[in-house]
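Peer 1: Below you'll find the structure I mean.
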Amino acid sequence: KIDSHVTALDPDEDDLLDLDPDGHGTFCASLIAGRTTGVAPGAKIVSVRVLNSDGAGSVSDVVAGLEWTSDQILSKQAEKSDMFKGAVVLLALGAPIGVRSRALENAVDRFARETNSLLVTASGNQNADACASVPARSSRCMTVAATDSRDMNYAWNNLGRCVDVFAPGVRLVGACAGQNRCTKKNEVDAITAKSSHNDDDDDIESLYGYQSGTSMAAAVAAGAAARILSENPNFGAEEVKGIIIRNATRGIVVLGSSSVLYTVTYNRLLRLH
């Protein structure tokens with residue numbers, strides 16, 4: 001079983017509630033490439049939905065999604081088109097803490113070797129060791145934990161040596177979808193979102209909402225990786241990951257604990273140029 005971190009949708013369709021009833025995939029996509037809220041608004045989103053409407057699913061579905069994505073990337077690479085600047089894959093999901101999945105680990109490793117494209121994953125939200133979760137433990141991924149607006153550690157972060165970098169992930173504003181993800185208009189003060197039906201009704205749902213977690217942080221980091229690729233389309237996964245890690249601000253995240261798990265975590269905060 002895969003725990004809920006993200007679902008995805010087909011952006012060419014109209015009925016977002018049917019396509020992404022959980023809403024998490026829509027939100028993460030908007031943090032990557034949203035016109036208003038995205039880190040890389042010029043990036044193209046390709047949605048690969050592998051989880052159900054409750055944000056849960058099977059390892060076999062995630063593996064199948066990675067294989068499909070690998071095929072698409074290899075096809076684009078073979079075309080050698082100047083329009084294709086490379087790919088970044090967001091895996092904002094994970095198996096429960098302590099559950100090993102050789103199938104998923106092997107799929108991640110195979111994807112990285114075949115495509116040389118960066119996989120960005122969430123460290124997880126169980127306040128545990130990220131190295132005990134798949135795919136967060138994989139060295140093939142760039143594993144991301146979350147901070148708030150004061151550069152403080154998100155209380156539910158999975159931490160440890162497997163975390164590569166921190167990124168903003170607490171109370172971020174993004175596009176909403178799903179029955180429980182949207183916020184009333186007057187609660188979203190960072191974005192002006194008006195309804196075409198009745199602009200005077202404060203009970204109308206906004207186009208935006210707030211969410212927190214390592215999925216959000218991973219989406220921000222994926223957007224940063226996309227920006228690097230747009231300027232350096234020949235870079236492979238390790239080159240993009242290396243730039244993000246080298247450019248990160250060190251020692252600024254307030255971890256708030258002296259436990260062993262905190263002390264072995266790399267204190268690196270994503271920095272955008």
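Just remember, in the structure tokens the first chain shown is A, the second B, etc., residues are 1-based per chain, and ligands are 1-based in the order shown.
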Residues near Val62 (chain A), anyone? I mean within 10 Å using only C-alpha atoms, not counting same-chain ones fewer than 6 positions away, as a list in words.

Peer 2: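 Skipping anything fewer than 6 positions along the chain leaves Ile2, Val48, Arg49, Val50, Leu51, Trp68, Leu91, Leu93, Gly94, Ala103, Leu104, Ala107 and Val108 of chain A.
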
Peer 1: Can you spit out the residues from that selection as a CSV table (one decimal), in the first residue's frame, using C-alpha atoms?

Peer 2:
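And here's result_35.csv as it stands now:
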chain,number,residue,atom,x,y,z
A,2,ILE,CA,1.1,3.6,-0.7
A,48,VAL,CA,0.3,10.6,-14.3
A,49,ARG,CA,-2.4,9.5,-11.8
A,50,VAL,CA,-1.4,6.4,-9.9
A,51,LEU,CA,-3.5,6.8,-6.7
A,68,TRP,CA,4.9,4.9,-18.6
A,91,LEU,CA,7.0,11.5,-6.6
A,93,LEU,CA,4.1,9.7,-2.2
A,94,GLY,CA,5.6,6.9,-0.1
A,103,ALA,CA,9.7,-3.5,-6.6
A,104,LEU,CA,9.4,0.3,-6.1
A,107,ALA,CA,11.6,0.9,-10.4
A,108,VAL,CA,13.1,4.1,-9.2

Peer 1: Env of region 261-271 of chain A: 6 Å cut, atoms = only C-alpha atoms, seq-sep filter 3 positions within chain, self excluded. Answer as a list in words.

Peer 2: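 Residues meeting the cut-off are Gly160, Arg161, Val165, Phe166, Ala167, Ala248, Thr249, Arg250 and Gly251 of chain A.
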
Peer 1: Rounded to one decimal place, report the CA of Thr147 (chain A)-CA of Ala219 (chain A) distance in Å.

Peer 2: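 Computing it gives 13.0 Å between the two atoms.
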
Peer 1: Near Val99 (chain A), counting only C-alpha atoms, which residues have an atom at most 9 Å away, once you skip same-chain residues fewer than 2 positions from it, shown as a short mmCIF file (atom, residue, chain, number, x, y, z; two decimals) with all heavy atoms, in the first residue's frame?

Peer 2:
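The resulting file, selection28.cif, is shown below:
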data_model
loop_
_atom_site.label_atom_id
_atom_site.label_comp_id
_atom_site.auth_asym_id
_atom_site.auth_seq_id
_atom_site.Cartn_x
_atom_site.Cartn_y
_atom_site.Cartn_z
N ALA A 95 5.64 4.66 0.71
CA ALA A 95 5.16 3.51 1.47
C ALA A 95 5.22 3.83 2.96
O ALA A 95 5.96 4.73 3.39
CB ALA A 95 6.02 2.29 1.16
N PRO A 96 4.43 3.16 3.78
CA PRO A 96 4.47 3.40 5.23
C PRO A 96 5.87 3.20 5.80
O PRO A 96 6.66 2.42 5.27
CB PRO A 96 3.48 2.37 5.78
CG PRO A 96 2.56 2.07 4.65
CD PRO A 96 3.40 2.16 3.41
N ILE A 97 6.15 3.93 6.88
CA ILE A 97 7.45 3.83 7.54
C ILE A 97 7.75 2.37 7.90
O ILE A 97 6.92 1.67 8.47
CB ILE A 97 7.48 4.70 8.81
CG1 ILE A 97 7.44 6.18 8.43
CG2 ILE A 97 8.71 4.40 9.65
CD1 ILE A 97 8.68 6.66 7.70
N SER A 101 9.92 -1.97 -0.11
CA SER A 101 9.35 -2.42 -1.38
C SER A 101 10.48 -2.51 -2.40
O SER A 101 10.90 -1.49 -2.96
CB SER A 101 8.26 -1.46 -1.88
OG SER A 101 7.88 -1.81 -3.19
N ALA A 132 13.65 5.27 6.42
CA ALA A 132 12.80 4.10 6.63
C ALA A 132 11.60 4.10 5.70
O ALA A 132 10.69 3.29 5.85
CB ALA A 132 12.32 4.05 8.09
N SER A 133 11.60 5.03 4.71
CA SER A 133 10.47 5.15 3.80
C SER A 133 10.96 5.06 2.36
O SER A 133 12.02 5.58 2.01
CB SER A 133 9.74 6.48 4.01
OG SER A 133 8.69 6.65 3.09
N VAL A 134 10.17 4.41 1.53
CA VAL A 134 10.45 4.29 0.08
C VAL A 134 9.42 5.16 -0.66
O VAL A 134 8.23 5.08 -0.36
CB VAL A 134 10.33 2.83 -0.38
CG1 VAL A 134 10.61 2.71 -1.88
CG2 VAL A 134 11.26 1.92 0.41
#

Peer 1: Taking the chain letters and numbering used in this document, name the residues of region 53-226 of chain A that DSSP puts in strand (DSSP E), as a PDB file with all heavy atoms, in the first residue's frame.

Peer 2:
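The result, stored in selection-v8.pdb:
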ATOM      1  N   VAL A  88      11.566  16.626 -15.117  1.00  0.00           N
ATOM      2  CA  VAL A  88      11.656  16.440 -13.669  1.00  0.00           C
ATOM      3  C   VAL A  88      10.402  15.689 -13.252  1.00  0.00           C
ATOM      4  O   VAL A  88       9.301  16.038 -13.682  1.00  0.00           O
ATOM      5  CB  VAL A  88      11.730  17.781 -12.922  1.00  0.00           C
ATOM      6  CG1 VAL A  88      11.762  17.554 -11.414  1.00  0.00           C
ATOM      7  CG2 VAL A  88      12.925  18.591 -13.377  1.00  0.00           C
ATOM      8  N   VAL A  89      10.556  14.661 -12.442  1.00  0.00           N
ATOM      9  CA  VAL A  89       9.407  13.864 -12.011  1.00  0.00           C
ATOM     10  C   VAL A  89       9.203  14.047 -10.517  1.00  0.00           C
ATOM     11  O   VAL A  89      10.136  13.864  -9.724  1.00  0.00           O
ATOM     12  CB  VAL A  89       9.613  12.374 -12.348  1.00  0.00           C
ATOM     13  CG1 VAL A  89       8.466  11.534 -11.795  1.00  0.00           C
ATOM     14  CG2 VAL A  89       9.718  12.192 -13.854  1.00  0.00           C
ATOM     15  N   LEU A  90       7.993  14.422 -10.137  1.00  0.00           N
ATOM     16  CA  LEU A  90       7.634  14.563  -8.723  1.00  0.00           C
ATOM     17  C   LEU A  90       6.964  13.288  -8.239  1.00  0.00           C
ATOM     18  O   LEU A  90       5.932  12.872  -8.765  1.00  0.00           O
ATOM     19  CB  LEU A  90       6.680  15.752  -8.527  1.00  0.00           C
ATOM     20  CG  LEU A  90       6.120  15.927  -7.110  1.00  0.00           C
ATOM     21  CD1 LEU A  90       7.241  16.236  -6.126  1.00  0.00           C
ATOM     22  CD2 LEU A  90       5.051  17.014  -7.074  1.00  0.00           C
ATOM     23  N   LEU A  91       7.564  12.661  -7.229  1.00  0.00           N
ATOM     24  CA  LEU A  91       6.985  11.485  -6.585  1.00  0.00           C
ATOM     25  C   LEU A  91       6.628  11.877  -5.149  1.00  0.00           C
ATOM     26  O   LEU A  91       7.360  11.574  -4.210  1.00  0.00           O
ATOM     27  CB  LEU A  91       7.985  10.333  -6.567  1.00  0.00           C
ATOM     28  CG  LEU A  91       7.991   9.351  -7.734  1.00  0.00           C
ATOM     29  CD1 LEU A  91       9.065   8.293  -7.521  1.00  0.00           C
ATOM     30  CD2 LEU A  91       6.633   8.682  -7.893  1.00  0.00           C
ATOM     31  N   LEU A 118      15.725  13.737 -13.149  1.00  0.00           N
ATOM     32  CA  LEU A 118      15.662  13.854 -11.693  1.00  0.00           C
ATOM     33  C   LEU A 118      14.297  13.469 -11.149  1.00  0.00           C
ATOM     34  O   LEU A 118      13.261  13.962 -11.612  1.00  0.00           O
ATOM     35  CB  LEU A 118      15.997  15.284 -11.265  1.00  0.00           C
ATOM     36  CG  LEU A 118      16.011  15.544  -9.752  1.00  0.00           C
ATOM     37  CD1 LEU A 118      17.083  14.698  -9.074  1.00  0.00           C
ATOM     38  CD2 LEU A 118      16.238  17.024  -9.470  1.00  0.00           C
ATOM     39  N   LEU A 119      14.310  12.606 -10.144  1.00  0.00           N
ATOM     40  CA  LEU A 119      13.119  12.273  -9.370  1.00  0.00           C
ATOM     41  C   LEU A 119      13.154  13.071  -8.069  1.00  0.00           C
ATOM     42  O   LEU A 119      14.125  12.984  -7.309  1.00  0.00           O
ATOM     43  CB  LEU A 119      13.094  10.784  -9.037  1.00  0.00           C
ATOM     44  CG  LEU A 119      12.670   9.825 -10.150  1.00  0.00           C
ATOM     45  CD1 LEU A 119      13.156   8.417  -9.849  1.00  0.00           C
ATOM     46  CD2 LEU A 119      11.156   9.826 -10.317  1.00  0.00           C
ATOM     47  N   VAL A 120      12.112  13.850  -7.820  1.00  0.00           N
ATOM     48  CA  VAL A 120      12.006  14.617  -6.584  1.00  0.00           C
ATOM     49  C   VAL A 120      10.917  13.973  -5.736  1.00  0.00           C
ATOM     50  O   VAL A 120       9.801  13.739  -6.217  1.00  0.00           O
ATOM     51  CB  VAL A 120      11.656  16.091  -6.861  1.00  0.00           C
ATOM     52  CG1 VAL A 120      11.583  16.879  -5.552  1.00  0.00           C
ATOM     53  CG2 VAL A 120      12.685  16.718  -7.805  1.00  0.00           C
ATOM     54  N   THR A 121      11.228  13.675  -4.479  1.00  0.00           N
ATOM     55  CA  THR A 121      10.247  13.010  -3.635  1.00  0.00           C
ATOM     56  C   THR A 121      10.127  13.694  -2.285  1.00  0.00           C
ATOM     57  O   THR A 121      11.046  14.369  -1.820  1.00  0.00           O
ATOM     58  CB  THR A 121      10.606  11.523  -3.440  1.00  0.00           C
ATOM     59  OG1 THR A 121       9.511  10.839  -2.823  1.00  0.00           O
ATOM     60  CG2 THR A 121      11.845  11.360  -2.576  1.00  0.00           C
ATOM     61  N   ALA A 122       8.963  13.533  -1.660  1.00  0.00           N
ATOM     62  CA  ALA A 122       8.718  14.069  -0.322  1.00  0.00           C
ATOM     63  C   ALA A 122       9.346  13.167   0.731  1.00  0.00           C
ATOM     64  O   ALA A 122       9.317  11.935   0.598  1.00  0.00           O
ATOM     65  CB  ALA A 122       7.211  14.186  -0.078  1.00  0.00           C
ATOM     66  N   CYS A 141      16.840   9.652  -5.781  1.00  0.00           N
ATOM     67  CA  CYS A 141      15.880  10.748  -5.664  1.00  0.00           C
ATOM     68  C   CYS A 141      16.515  11.951  -4.976  1.00  0.00           C
ATOM     69  O   CYS A 141      17.533  11.823  -4.284  1.00  0.00           O
ATOM     70  CB  CYS A 141      14.669  10.318  -4.828  1.00  0.00           C
ATOM     71  SG  CYS A 141      13.667   9.011  -5.560  1.00  0.00           S
ATOM     72  N   MET A 142      15.911  13.107  -5.151  1.00  0.00           N
ATOM     73  CA  MET A 142      16.204  14.248  -4.296  1.00  0.00           C
ATOM     74  C   MET A 142      15.056  14.333  -3.296  1.00  0.00           C
ATOM     75  O   MET A 142      13.919  14.622  -3.660  1.00  0.00           O
ATOM     76  CB  MET A 142      16.319  15.552  -5.093  1.00  0.00           C
ATOM     77  CG  MET A 142      16.691  16.737  -4.206  1.00  0.00           C
ATOM     78  SD  MET A 142      17.073  18.246  -5.135  1.00  0.00           S
ATOM     79  CE  MET A 142      15.412  18.729  -5.629  1.00  0.00           C
ATOM     80  N   THR A 143      15.365  14.029  -2.045  1.00  0.00           N
ATOM     81  CA  THR A 143      14.343  13.939  -1.002  1.00  0.00           C
ATOM     82  C   THR A 143      14.228  15.270  -0.264  1.00  0.00           C
ATOM     83  O   THR A 143      15.233  15.820   0.192  1.00  0.00           O
ATOM     84  CB  THR A 143      14.686  12.800  -0.026  1.00  0.00           C
ATOM     85  OG1 THR A 143      14.745  11.572  -0.769  1.00  0.00           O
ATOM     86  CG2 THR A 143      13.645  12.673   1.064  1.00  0.00           C
ATOM     87  N   VAL A 144      12.997  15.755  -0.128  1.00  0.00           N
ATOM     88  CA  VAL A 144      12.759  17.119   0.340  1.00  0.00           C
ATOM     89  C   VAL A 144      11.881  17.130   1.581  1.00  0.00           C
ATOM     90  O   VAL A 144      10.827  16.485   1.626  1.00  0.00           O
ATOM     91  CB  VAL A 144      12.100  17.973  -0.772  1.00  0.00           C
ATOM     92  CG1 VAL A 144      12.013  19.439  -0.351  1.00  0.00           C
ATOM     93  CG2 VAL A 144      12.863  17.844  -2.084  1.00  0.00           C
ATOM     94  N   ALA A 145      12.304  17.884   2.600  1.00  0.00           N
ATOM     95  CA  ALA A 145      11.512  18.134   3.808  1.00  0.00           C
ATOM     96  C   ALA A 145      11.017  19.580   3.782  1.00  0.00           C
ATOM     97  O   ALA A 145      11.454  20.389   2.961  1.00  0.00           O
ATOM     98  CB  ALA A 145      12.341  17.860   5.059  1.00  0.00           C
ATOM     99  N   ALA A 146      10.121  19.921   4.700  1.00  0.00           N
ATOM    100  CA  ALA A 146       9.428  21.214   4.642  1.00  0.00           C
ATOM    101  C   ALA A 146       9.842  22.157   5.764  1.00  0.00           C
ATOM    102  O   ALA A 146      10.188  21.727   6.870  1.00  0.00           O
ATOM    103  CB  ALA A 146       7.915  20.993   4.698  1.00  0.00           C
ATOM    104  N   THR A 147       9.799  23.455   5.459  1.00  0.00           N
ATOM    105  CA  THR A 147       9.966  24.511   6.460  1.00  0.00           C
ATOM    106  C   THR A 147       8.797  25.472   6.374  1.00  0.00           C
ATOM    107  O   THR A 147       8.072  25.525   5.372  1.00  0.00           O
ATOM    108  CB  THR A 147      11.269  25.306   6.241  1.00  0.00           C
ATOM    109  OG1 THR A 147      11.236  25.880   4.917  1.00  0.00           O
ATOM    110  CG2 THR A 147      12.488  24.430   6.380  1.00  0.00           C
ATOM    111  N   VAL A 165      17.447  18.198   1.079  1.00  0.00           N
ATOM    112  CA  VAL A 165      17.262  19.639   1.153  1.00  0.00           C
ATOM    113  C   VAL A 165      15.897  19.951   1.762  1.00  0.00           C
ATOM    114  O   VAL A 165      14.967  19.127   1.691  1.00  0.00           O
ATOM    115  CB  VAL A 165      17.387  20.269  -0.261  1.00  0.00           C
ATOM    116  CG1 VAL A 165      16.213  19.877  -1.155  1.00  0.00           C
ATOM    117  CG2 VAL A 165      17.565  21.771  -0.219  1.00  0.00           C
ATOM    118  N   PHE A 166      15.787  21.094   2.396  1.00  0.00           N
ATOM    119  CA  PHE A 166      14.504  21.623   2.872  1.00  0.00           C
ATOM    120  C   PHE A 166      13.985  22.623   1.846  1.00  0.00           C
ATOM    121  O   PHE A 166      14.761  23.257   1.125  1.00  0.00           O
ATOM    122  CB  PHE A 166      14.669  22.346   4.211  1.00  0.00           C
ATOM    123  CG  PHE A 166      14.928  21.453   5.387  1.00  0.00           C
ATOM    124  CD1 PHE A 166      16.215  21.017   5.672  1.00  0.00           C
ATOM    125  CD2 PHE A 166      13.893  21.056   6.219  1.00  0.00           C
ATOM    126  CE1 PHE A 166      16.470  20.204   6.765  1.00  0.00           C
ATOM    127  CE2 PHE A 166      14.135  20.244   7.322  1.00  0.00           C
ATOM    128  CZ  PHE A 166      15.425  19.814   7.585  1.00  0.00           C
ATOM    129  N   ALA A 167      12.661  22.797   1.819  1.00  0.00           N
ATOM    130  CA  ALA A 167      12.035  23.810   0.971  1.00  0.00           C
ATOM    131  C   ALA A 167      10.751  24.278   1.650  1.00  0.00           C
ATOM    132  O   ALA A 167      10.191  23.561   2.494  1.00  0.00           O
ATOM    133  CB  ALA A 167      11.726  23.249  -0.413  1.00  0.00           C
ATOM    134  N   PRO A 168      10.275  25.477   1.314  1.00  0.00           N
ATOM    135  CA  PRO A 168       9.018  25.948   1.912  1.00  0.00           C
ATOM    136  C   PRO A 168       7.888  24.954   1.663  1.00  0.00           C
ATOM    137  O   PRO A 168       7.716  24.468   0.547  1.00  0.00           O
ATOM    138  CB  PRO A 168       8.764  27.272   1.183  1.00  0.00           C
ATOM    139  CG  PRO A 168      10.131  27.734   0.769  1.00  0.00           C
ATOM    140  CD  PRO A 168      10.879  26.482   0.433  1.00  0.00           C
ATOM    141  N   LEU A 172       1.176  26.939   2.216  1.00  0.00           N
ATOM    142  CA  LEU A 172       1.392  27.511   0.895  1.00  0.00           C
ATOM    143  C   LEU A 172       0.061  27.678   0.179  1.00  0.00           C
ATOM    144  O   LEU A 172      -0.876  26.919   0.392  1.00  0.00           O
ATOM    145  CB  LEU A 172       2.309  26.611   0.063  1.00  0.00           C
ATOM    146  CG  LEU A 172       3.704  26.343   0.620  1.00  0.00           C
ATOM    147  CD1 LEU A 172       4.545  25.615  -0.429  1.00  0.00           C
ATOM    148  CD2 LEU A 172       4.398  27.620   1.059  1.00  0.00           C
ATOM    149  N   VAL A 173      -0.006  28.670  -0.680  1.00  0.00           N
ATOM    150  CA  VAL A 173      -1.207  28.930  -1.474  1.00  0.00           C
ATOM    151  C   VAL A 173      -1.054  28.274  -2.829  1.00  0.00           C
ATOM    152  O   VAL A 173      -0.026  28.415  -3.499  1.00  0.00           O
ATOM    153  CB  VAL A 173      -1.434  30.448  -1.649  1.00  0.00           C
ATOM    154  CG1 VAL A 173      -2.604  30.709  -2.597  1.00  0.00           C
ATOM    155  CG2 VAL A 173      -1.704  31.103  -0.308  1.00  0.00           C
ATOM    156  N   GLY A 174      -2.076  27.516  -3.238  1.00  0.00           N
ATOM    157  CA  GLY A 174      -2.038  26.875  -4.548  1.00  0.00           C
ATOM    158  C   GLY A 174      -3.440  26.618  -5.060  1.00  0.00           C
ATOM    159  O   GLY A 174      -4.438  26.877  -4.384  1.00  0.00           O
ATOM    160  N   ALA A 175      -3.514  26.097  -6.278  1.00  0.00           N
ATOM    161  CA  ALA A 175      -4.806  25.822  -6.913  1.00  0.00           C
ATOM    162  C   ALA A 175      -5.517  24.693  -6.183  1.00  0.00           C
ATOM    163  O   ALA A 175      -4.907  23.705  -5.796  1.00  0.00           O
ATOM    164  CB  ALA A 175      -4.590  25.455  -8.376  1.00  0.00           C
ATOM    165  N   TYR A 208      -8.313  28.913  -5.066  1.00  0.00           N
ATOM    166  CA  TYR A 208      -7.069  28.643  -4.346  1.00  0.00           C
ATOM    167  C   TYR A 208      -7.358  28.146  -2.933  1.00  0.00           C
ATOM    168  O   TYR A 208      -8.449  28.309  -2.403  1.00  0.00           O
ATOM    169  CB  TYR A 208      -6.203  29.904  -4.277  1.00  0.00           C
ATOM    170  CG  TYR A 208      -5.800  30.431  -5.627  1.00  0.00           C
ATOM    171  CD1 TYR A 208      -6.606  31.345  -6.299  1.00  0.00           C
ATOM    172  CD2 TYR A 208      -4.634  30.007  -6.242  1.00  0.00           C
ATOM    173  CE1 TYR A 208      -6.254  31.816  -7.556  1.00  0.00           C
ATOM    174  CE2 TYR A 208      -4.265  30.475  -7.489  1.00  0.00           C
ATOM    175  CZ  TYR A 208      -5.082  31.379  -8.139  1.00  0.00           C
ATOM    176  OH  TYR A 208      -4.734  31.837  -9.379  1.00  0.00           O
ATOM    177  N   GLY A 209      -6.346  27.552  -2.337  1.00  0.00           N
ATOM    178  CA  GLY A 209      -6.462  27.099  -0.960  1.00  0.00           C
ATOM    179  C   GLY A 209      -5.088  27.009  -0.338  1.00  0.00           C
ATOM    180  O   GLY A 209      -4.066  27.274  -0.979  1.00  0.00           O
ATOM    181  N   TYR A 210      -5.043  26.634   0.927  1.00  0.00           N
ATOM    182  CA  TYR A 210      -3.786  26.459   1.650  1.00  0.00           C
ATOM    183  C   TYR A 210      -3.552  24.973   1.895  1.00  0.00           C
ATOM    184  O   TYR A 210      -4.478  24.229   2.203  1.00  0.00           O
ATOM    185  CB  TYR A 210      -3.844  27.145   3.014  1.00  0.00           C
ATOM    186  CG  TYR A 210      -3.939  28.644   2.984  1.00  0.00           C
ATOM    187  CD1 TYR A 210      -5.126  29.289   3.301  1.00  0.00           C
ATOM    188  CD2 TYR A 210      -2.835  29.422   2.660  1.00  0.00           C
ATOM    189  CE1 TYR A 210      -5.218  30.664   3.294  1.00  0.00           C
ATOM    190  CE2 TYR A 210      -2.912  30.804   2.656  1.00  0.00           C
ATOM    191  CZ  TYR A 210      -4.106  31.428   2.974  1.00  0.00           C
ATOM    192  OH  TYR A 210      -4.192  32.788   2.958  1.00  0.00           O
ATOM    193  N   GLN A 211      -2.290  24.555   1.793  1.00  0.00           N
ATOM    194  CA  GLN A 211      -1.922  23.203   2.210  1.00  0.00           C
ATOM    195  C   GLN A 211      -0.511  23.234   2.794  1.00  0.00           C
ATOM    196  O   GLN A 211       0.291  24.115   2.478  1.00  0.00           O
ATOM    197  CB  GLN A 211      -1.973  22.211   1.043  1.00  0.00           C
ATOM    198  CG  GLN A 211      -3.386  21.879   0.574  1.00  0.00           C
ATOM    199  CD  GLN A 211      -3.417  20.727  -0.406  1.00  0.00           C
ATOM    200  OE1 GLN A 211      -2.683  19.743  -0.249  1.00  0.00           O
ATOM    201  NE2 GLN A 211      -4.256  20.820  -1.412  1.00  0.00           N
TER     202      GLN A 211
END

Peer 1: Have a look at A:Arg140, A:His273, A:Arg35, A:Arg171 and name the one nearest to Ile243 (chain A); count only C-alpha atoms.

Peer 2: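 When distances to Ile243 (chain A) are compared using only C-alpha atoms, the smallest one comes from A:His273.
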
Peer 1: Any chance you could list, as a PyMOL selection string, the residues in region 48-205 of chain A that come up helix (DSSP H, G or I) when DSSP is run on the backbone?

Peer 2: chain A and resi 59-79+102-115+130-132+185-187
